[in-house]
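All remarks here apply to the structure that follows.
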Amino acid sequence: MTTTAEFGVVTTKVPARLDRLPWSRFHWRIVIGLGAVWILDGLEVTIVGAVAARMTEPGSGINLTSADIGTAAAIYVAGACVGALLFGRLTDRYGRKKLFMLTLGIYVLATVATAFAHDAWFLYLARFITGMGIGGEYAAINSAIDELIPARNRGRVDLAVNGSYWVGAALGSLVAVLLLNESLLAADLGWRLAFGLGGILGLGIMLVRRHVPESPRWLFIHGHQADAERIVDGIEAEVRQETGRELEEPGEAVTVRQRDVIPFSEIAGVALRRYPRRAVLGLALFVGQAFLYNAIVFDLGTILNRFFDIGSGSIPYFLTLFAIANFLGPLLLGRLFDTVGRKPMIAGTYFGSALVAAVLAVLLINGSLTTTWFFVLVSLTFFVASAGASSAYLTVSEVFPMETRALSISLFFAIGTAVGGITGPLLFGHLIHSGNADLVAIGFLVGAAAMALGGVAEVFFGVQAEQQSLENIARPLTAEESEAAWRNEPAPQDARDRLRPAGVRRAAHERELRIADRTDRRRERERAGARRYRPGTGPGSSLYSPGMAGTAGTASRTSAMAEQRLDDEIEQITHALQQSGPTSRDRLEQALGGHSWGPGRFSRALRESERESRAKGVADGGYAPGDKADRPDGASGDTRGRR
């Protein structure tokens with residue numbers, strides 16, 4: 001990257017170029033190089049849970065009580081909050097890559113230092129610094145991943161990456177089985193080696209990260225337009241070589257006024273003035289997941305040991321199964337966040353986990369839980385909650401402007417985790433230390449209530465961000481279009497539209513008519529179906545959602561972009577059928593590269609093509625040109641109200 005930046009007003013298609021890329025080896029490098037940090041976090045947290053019981057036993061080499069374990073967990077989370085705030089601001093200021101290398105280095109040094117803890121104060125200090133490194137990683141990594149992954153895959157990838165936390169958790173549990181075996185290692189050595197392994201894994205990830213580029217979105221806003229274009233050129237060349245196909249034309253450009261430093265007061269004002277409901281949403285989601293997760297995960301080993309008589313050497317087996325259940329949650333449910341949608345899936349996972357946790361608490365109070373059923377219910381709770389917890393990071397990363405992305409993640413993480421993530425382990429640590437199962441059950445009920453509040457916030461304040469460009473969900477602060485809109489002036493794009501050739505304007509007008517007709521038919525279907533009862537403004541809705549108030553501009557842009565992409569996909573299907581004649585669904589999808597459109601997109605476009613008689617089903621599950629496939633607008637005469 002160049003060392004000097006030149007600032008001015010630039011128009012770029014870098015975001016659109018990144019969003020239209022098919023999935024490739026480049027994206028796998030991003031997932032592995034950046035997403036593996038959650039494996040580290042899972043390793044850290046689970047090792048503490050797995051070895052916690054051993055660290056409270058005589059001969060461990062460190063004198064701790066179960067309350068001390070809860071305190072150490074709270075201090076780790078406090079360090080993560082401080083690190084998120086500090087490094088989140090630096091990530092927005094100095095770039096994603098510099099900070100995700102720095103924070104990983106801090107983590108490696110601190111986790112190795114933990115292995116040498118000899119007293120409670122040293123453990124607390126090492127855990128605090130380790131938490132700072134992990135907290136900084138949250139901000140740098142989530143912002144970088146979301147800015148490099150195509151919009152159609154962002155939800156699924158983000159949830160899977162955050163869910164990989166549990167790969168580290170399972171790894172930590174399995175390794176702990178060996179390290180806690182006193183026939184292999186002394187009681188005061190095994191748990192120390194467990195922490196040292198985290199440092200080794202961190203060094204391996206650092207080697208992979210050297211090949212991850214800086215975010216082009218960050219570069220062009222901060223005056224490095226040439227570097228942004230060069231990086232995207234390289235990515236596109238790699239994808240072309242891998243796929244052997246030319247890339248489709250990118251979508252609309254964005255015009256921004258480049259700036260070196262954006263004052264903190266301006267960034268903070270975004271959440272408070274322009275997006276207050278999104279701020280409430282982010283806070284509620286983070287508080288709910290932080291309380292439930294940090295309270296239970298840090299203390300699950302001691303709960304099993306204290307109330308179900310599970311020996312410290314056997315606890316890692318339970319934690320391994322628990323981690324697998326948590327990883328399967330976002331892995332299996334993640335695609336639904338891009339197809340079914342953000343609002344129903346986020347709300348559903350928060351409410352679902354709250355319900356199971358409440359049932360578990362009631363049964364615990366009744367004294368009717370066996371070890372098996374306790375473990376089944378707590379695993380089911382977190383199977384559902386894991387996808388919801390990952391979506392909290394996804395939500396905050398999506399719904400605020402790019403210049404504030406890393407800081408927004410860190411701010412909401414810090415506040416939400418300070419409220420829920422610190423109080424949770426402290427509360428549960430002392431409840432467990434009391435030896436009263438009824439008090440522990442009350443802790444589960446508090447966690448269920450916190451998750452339920454997050455679900456309520458999603459219902460009323462959630463944003464339908466699935467498969468949308470980040471710049472359309474929340475326009476950059478530096479966007480010239482945004483500044484013009486605030487001054488009630490025409491945006492630069494409007495002026496460019498008037499200069500387009502007549503043929504191009506005519507084609508655009510025909511597309512607008514197709515989209516309007518399609519939208520009318522969809523509204524008619526929704527007025528007659530169950531979808532009319534869903535919360536939120538918009539077609540078919542009879543309920544009002546305060547979360548949608550004041551967001552008409554962004555919602556309109558987002559909806560328009562989605563409709564244009566759908567129209568383009570229908571046109572491609574129509575043209576392909578006209579060229580090839582009757583063909584199977586699989587061959588049609590392969591010819592169009594429909595698998596790269598995103599989860600469920602090809603199926604949806606095919607259904608719309610059938611509704612509009614642009615395509616029709618034939619024998620053996622194939623498709624042929626429809627009765628109206630020869631008309632560019634897919635209609636004849638007045639089609640208003642046609643279904």
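Identifiers in the structure tokens: chain A, B, ... in order shown; residue index from 1 per chain; ligand index from 1 in order shown.
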Item to complete: List the neighbours of Ile106 in chain A out to 12 Å using only C-alpha atoms; skip same-chain residues closer than 3 positions along the sequence, and give me the result as a PyMOL selection string.
Response: chain A and resi 79-80+83+87+99-103+109-113+126-137+199+202-203+206
Determine, using only C-alpha atoms, which residues of range 210-309 of chain A have any atom at most 9 Å from an atom of range 459-462 of chain A, and tabulate each with its shortest atom pair and distance in Å to one decimal place, rows ordered by chain and then rising number, as CSV.
```
residue,atom,partner,partner_atom,distance
A:Arg277,CA,A:Phe461,CA,6.0
A:Arg278,CA,A:Phe461,CA,6.4
A:Val280,CA,A:Phe461,CA,7.8
A:Leu281,CA,A:Phe461,CA,5.9
```
Just all heavy atoms for this one: save the residues we selected as a PDB file, in the first residue's frame.
```pdb
ATOM      1  N   ARG A 277     -32.661   3.652  16.631  1.00  0.00           N
ATOM      2  CA  ARG A 277     -33.309   2.353  16.830  1.00  0.00           C
ATOM      3  C   ARG A 277     -32.345   1.209  16.561  1.00  0.00           C
ATOM      4  O   ARG A 277     -32.415   0.158  17.199  1.00  0.00           O
ATOM      5  CB  ARG A 277     -34.545   2.258  15.942  1.00  0.00           C
ATOM      6  CG  ARG A 277     -35.654   3.223  16.374  1.00  0.00           C
ATOM      7  CD  ARG A 277     -36.799   3.248  15.380  1.00  0.00           C
ATOM      8  NE  ARG A 277     -37.845   4.146  15.846  1.00  0.00           N
ATOM      9  CZ  ARG A 277     -37.844   5.464  15.676  1.00  0.00           C
ATOM     10  NH1 ARG A 277     -36.830   6.030  15.018  1.00  0.00           N
ATOM     11  NH2 ARG A 277     -38.818   6.218  16.145  1.00  0.00           N
ATOM     12  N   ARG A 278     -31.454   1.400  15.607  1.00  0.00           N
ATOM     13  CA  ARG A 278     -30.441   0.389  15.353  1.00  0.00           C
ATOM     14  C   ARG A 278     -29.475   0.290  16.538  1.00  0.00           C
ATOM     15  O   ARG A 278     -28.950  -0.793  16.828  1.00  0.00           O
ATOM     16  CB  ARG A 278     -29.678   0.715  14.062  1.00  0.00           C
ATOM     17  CG  ARG A 278     -30.560   0.690  12.824  1.00  0.00           C
ATOM     18  CD  ARG A 278     -29.765   0.928  11.548  1.00  0.00           C
ATOM     19  NE  ARG A 278     -30.640   0.942  10.388  1.00  0.00           N
ATOM     20  CZ  ARG A 278     -30.223   0.954   9.126  1.00  0.00           C
ATOM     21  NH1 ARG A 278     -28.913   0.953   8.872  1.00  0.00           N
ATOM     22  NH2 ARG A 278     -31.084   0.962   8.126  1.00  0.00           N
ATOM     23  N   VAL A 280     -30.329   0.764  19.716  1.00  0.00           N
ATOM     24  CA  VAL A 280     -31.043  -0.020  20.727  1.00  0.00           C
ATOM     25  C   VAL A 280     -31.000  -1.497  20.368  1.00  0.00           C
ATOM     26  O   VAL A 280     -30.789  -2.366  21.229  1.00  0.00           O
ATOM     27  CB  VAL A 280     -32.500   0.469  20.858  1.00  0.00           C
ATOM     28  CG1 VAL A 280     -33.295  -0.452  21.782  1.00  0.00           C
ATOM     29  CG2 VAL A 280     -32.533   1.900  21.379  1.00  0.00           C
ATOM     30  N   LEU A 281     -31.178  -1.802  19.088  1.00  0.00           N
ATOM     31  CA  LEU A 281     -31.137  -3.188  18.625  1.00  0.00           C
ATOM     32  C   LEU A 281     -29.786  -3.828  18.917  1.00  0.00           C
ATOM     33  O   LEU A 281     -29.718  -4.928  19.488  1.00  0.00           O
ATOM     34  CB  LEU A 281     -31.417  -3.230  17.121  1.00  0.00           C
ATOM     35  CG  LEU A 281     -31.206  -4.576  16.423  1.00  0.00           C
ATOM     36  CD1 LEU A 281     -32.206  -5.604  16.942  1.00  0.00           C
ATOM     37  CD2 LEU A 281     -31.327  -4.416  14.908  1.00  0.00           C
TER      38      LEU A 281
END
```
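Our summary of the geometry notes that CA of Leu513 in chain A is positioned 14.6 Å from CA of Arg565 in chain A.
The spacing separating CA of Ala325 in chain A from CA of Ala194 in chain A amounts to 22.3 Å.
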Worksheet item: Would you give me, as an MDAnalysis selection string, the residues in range 202-300 of chain A that DSSP reads as strand (DSSP E or B)?
Response: chainID A and resid 254:257
Mind writing the picked residues with N, CA, C and O atoms as a CSV table (one decimal), in the first residue's frame?
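Done, and the output landed in part-v1.csv:
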```csv
chain,number,residue,atom,x,y,z
A,254,VAL,N,-20.5,4.3,-6.2
A,254,VAL,CA,-20.7,5.2,-5.1
A,254,VAL,C,-19.7,6.3,-5.1
A,254,VAL,O,-18.6,6.1,-5.5
A,255,THR,N,-20.2,7.5,-4.9
A,255,THR,CA,-19.3,8.7,-4.9
A,255,THR,C,-19.1,9.2,-3.5
A,255,THR,O,-20.0,9.4,-2.7
A,256,VAL,N,-17.8,9.3,-3.1
A,256,VAL,CA,-17.5,9.7,-1.7
A,256,VAL,C,-16.5,10.8,-1.7
A,256,VAL,O,-15.7,11.0,-2.6
A,257,ARG,N,-16.5,11.5,-0.6
A,257,ARG,CA,-15.5,12.6,-0.3
A,257,ARG,C,-14.5,12.0,0.6
A,257,ARG,O,-14.9,11.7,1.8
```
Item to complete: Can you check which residues of range 303-427 of chain A DSSP gives as alpha helix (DSSP H) on the backbone and send them as JSON, numbers by chain?
Response: {"A": [303, 304, 305, 306, 307, 315, 316, 317, 318, 319, 320, 321, 322, 323, 324, 325, 326, 327, 328, 329, 330, 331, 332, 333, 336, 337, 338, 339, 342, 343, 344, 345, 346, 347, 348, 349, 350, 351, 352, 353, 354, 355, 356, 357, 358, 359, 360, 361, 362, 363, 364, 365, 366, 371, 372, 373, 374, 375, 376, 377, 378, 379, 380, 381, 382, 383, 384, 385, 386, 387, 388, 389, 390, 391, 392, 393, 394, 395, 396, 397, 398, 399, 405, 406, 407, 408, 409, 410, 411, 412, 413, 414, 415, 416, 423, 424, 425, 426, 427]}
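One distance worth recording is that between CA of Ile303 in chain A and CA of Val108 in chain A, which is 29.2 Å.
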Can you pull out the residues contacting range 566-575 of chain A? Cut-off 8 Å, using only C-alpha atoms, and skip same-chain residues under 4 positions away; I want them as a PDB file with N, CA and C atoms, in the first residue's frame.
```
ATOM      1  N   ARG A 511     -37.571  -1.845 -17.627  1.00  0.00           N
ATOM      2  CA  ARG A 511     -37.294  -2.628 -16.429  1.00  0.00           C
ATOM      3  C   ARG A 511     -38.098  -2.101 -15.251  1.00  0.00           C
ATOM      4  N   ARG A 514     -41.545  -3.522 -15.474  1.00  0.00           N
ATOM      5  CA  ARG A 514     -41.584  -4.926 -15.070  1.00  0.00           C
ATOM      6  C   ARG A 514     -41.546  -5.053 -13.555  1.00  0.00           C
ATOM      7  N   ILE A 515     -40.654  -4.281 -12.942  1.00  0.00           N
ATOM      8  CA  ILE A 515     -40.507  -4.347 -11.488  1.00  0.00           C
ATOM      9  C   ILE A 515     -41.777  -3.870 -10.792  1.00  0.00           C
ATOM     10  N   ALA A 562     -32.532  -4.815  -4.680  1.00  0.00           N
ATOM     11  CA  ALA A 562     -32.926  -6.222  -4.669  1.00  0.00           C
ATOM     12  C   ALA A 562     -33.824  -6.544  -5.855  1.00  0.00           C
ATOM     13  N   GLN A 579     -32.645 -19.644 -25.940  1.00  0.00           N
ATOM     14  CA  GLN A 579     -31.506 -20.104 -26.717  1.00  0.00           C
ATOM     15  C   GLN A 579     -31.429 -21.635 -26.760  1.00  0.00           C
ATOM     16  N   LEU A 588     -29.773 -25.863 -16.582  1.00  0.00           N
ATOM     17  CA  LEU A 588     -30.056 -24.433 -16.661  1.00  0.00           C
ATOM     18  C   LEU A 588     -29.270 -23.662 -15.608  1.00  0.00           C
ATOM     19  N   LEU A 592     -26.088 -20.937 -16.340  1.00  0.00           N
ATOM     20  CA  LEU A 592     -26.163 -19.550 -15.878  1.00  0.00           C
ATOM     21  C   LEU A 592     -25.236 -19.266 -14.703  1.00  0.00           C
ATOM     22  N   PHE A 602     -31.382 -18.544  -7.251  1.00  0.00           N
ATOM     23  CA  PHE A 602     -31.782 -19.140  -8.525  1.00  0.00           C
ATOM     24  C   PHE A 602     -33.199 -19.698  -8.425  1.00  0.00           C
ATOM     25  N   ALA A 605     -35.744 -16.832  -8.542  1.00  0.00           N
ATOM     26  CA  ALA A 605     -35.881 -16.251  -9.876  1.00  0.00           C
ATOM     27  C   ALA A 605     -36.645 -17.192 -10.798  1.00  0.00           C
ATOM     28  N   LEU A 606     -36.427 -18.498 -10.642  1.00  0.00           N
ATOM     29  CA  LEU A 606     -37.136 -19.468 -11.469  1.00  0.00           C
ATOM     30  C   LEU A 606     -38.626 -19.476 -11.134  1.00  0.00           C
ATOM     31  N   GLU A 608     -40.381 -16.928  -9.964  1.00  0.00           N
ATOM     32  CA  GLU A 608     -40.949 -15.697 -10.509  1.00  0.00           C
ATOM     33  C   GLU A 608     -41.104 -15.800 -12.025  1.00  0.00           C
ATOM     34  N   SER A 609     -40.151 -16.463 -12.686  1.00  0.00           N
ATOM     35  CA  SER A 609     -40.255 -16.641 -14.138  1.00  0.00           C
ATOM     36  C   SER A 609     -41.494 -17.453 -14.492  1.00  0.00           C
ATOM     37  N   ARG A 614     -42.785 -16.546 -18.105  1.00  0.00           N
ATOM     38  CA  ARG A 614     -41.546 -16.422 -18.871  1.00  0.00           C
ATOM     39  C   ARG A 614     -40.874 -17.779 -19.007  1.00  0.00           C
ATOM     40  N   ALA A 615     -41.264 -18.724 -18.138  1.00  0.00           N
ATOM     41  CA  ALA A 615     -40.768 -20.098 -18.176  1.00  0.00           C
ATOM     42  C   ALA A 615     -41.909 -21.009 -17.733  1.00  0.00           C
ATOM     43  N   PRO A 625     -39.242 -22.390 -22.536  1.00  0.00           N
ATOM     44  CA  PRO A 625     -39.708 -21.000 -22.610  1.00  0.00           C
ATOM     45  C   PRO A 625     -41.206 -20.917 -22.374  1.00  0.00           C
ATOM     46  N   ALA A 629     -42.427 -15.480 -22.987  1.00  0.00           N
ATOM     47  CA  ALA A 629     -40.974 -15.315 -22.939  1.00  0.00           C
ATOM     48  C   ALA A 629     -40.455 -14.435 -24.047  1.00  0.00           C
TER      49      ALA A 629
END
```
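Residue neighbourhood of range 413-430 of chain A, excluding near-sequence residues (fewer than 5 positions): Ala67, Gly70, Thr71, Ala74, Cys81, Leu283, Phe286, Val287, Ala290, Phe291, Asn294 and Ala295 of chain A, at 6 Å, using only C-alpha atoms.
Distances from A:Glu510, A:Glu589, A:Glu458, A:Asp438 to Pro344 in chain A were compared using only C-alpha atoms, and the smallest one belongs to A:Glu458.
Distance check against Trp28 in chain A using only C-alpha atoms: of A:Phe116, A:Ala72, A:Trp121, A:Ile149, the minimum falls on A:Ile149.
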Fill in: Near-range 467-476 of chain A list (6 Å; only C-alpha atoms; drop same-chain fewer than 6 positions) as an MDAnalysis selection string
chainID A and resid 151:152 399:402 558
Discussion item. If we count only C-alpha atoms and set the cut-off at 12 Å, which residues sit around range 195-198 of chain A, ignoring sequence neighbours fewer than 6 positions away in its own chain? Please answer as a PyMOL selection string.
Written reply: chain A and resi 36-48+50-51+104-105+107-117+123+126-127+130+168-169+171-172+175-176+179+189+204-205
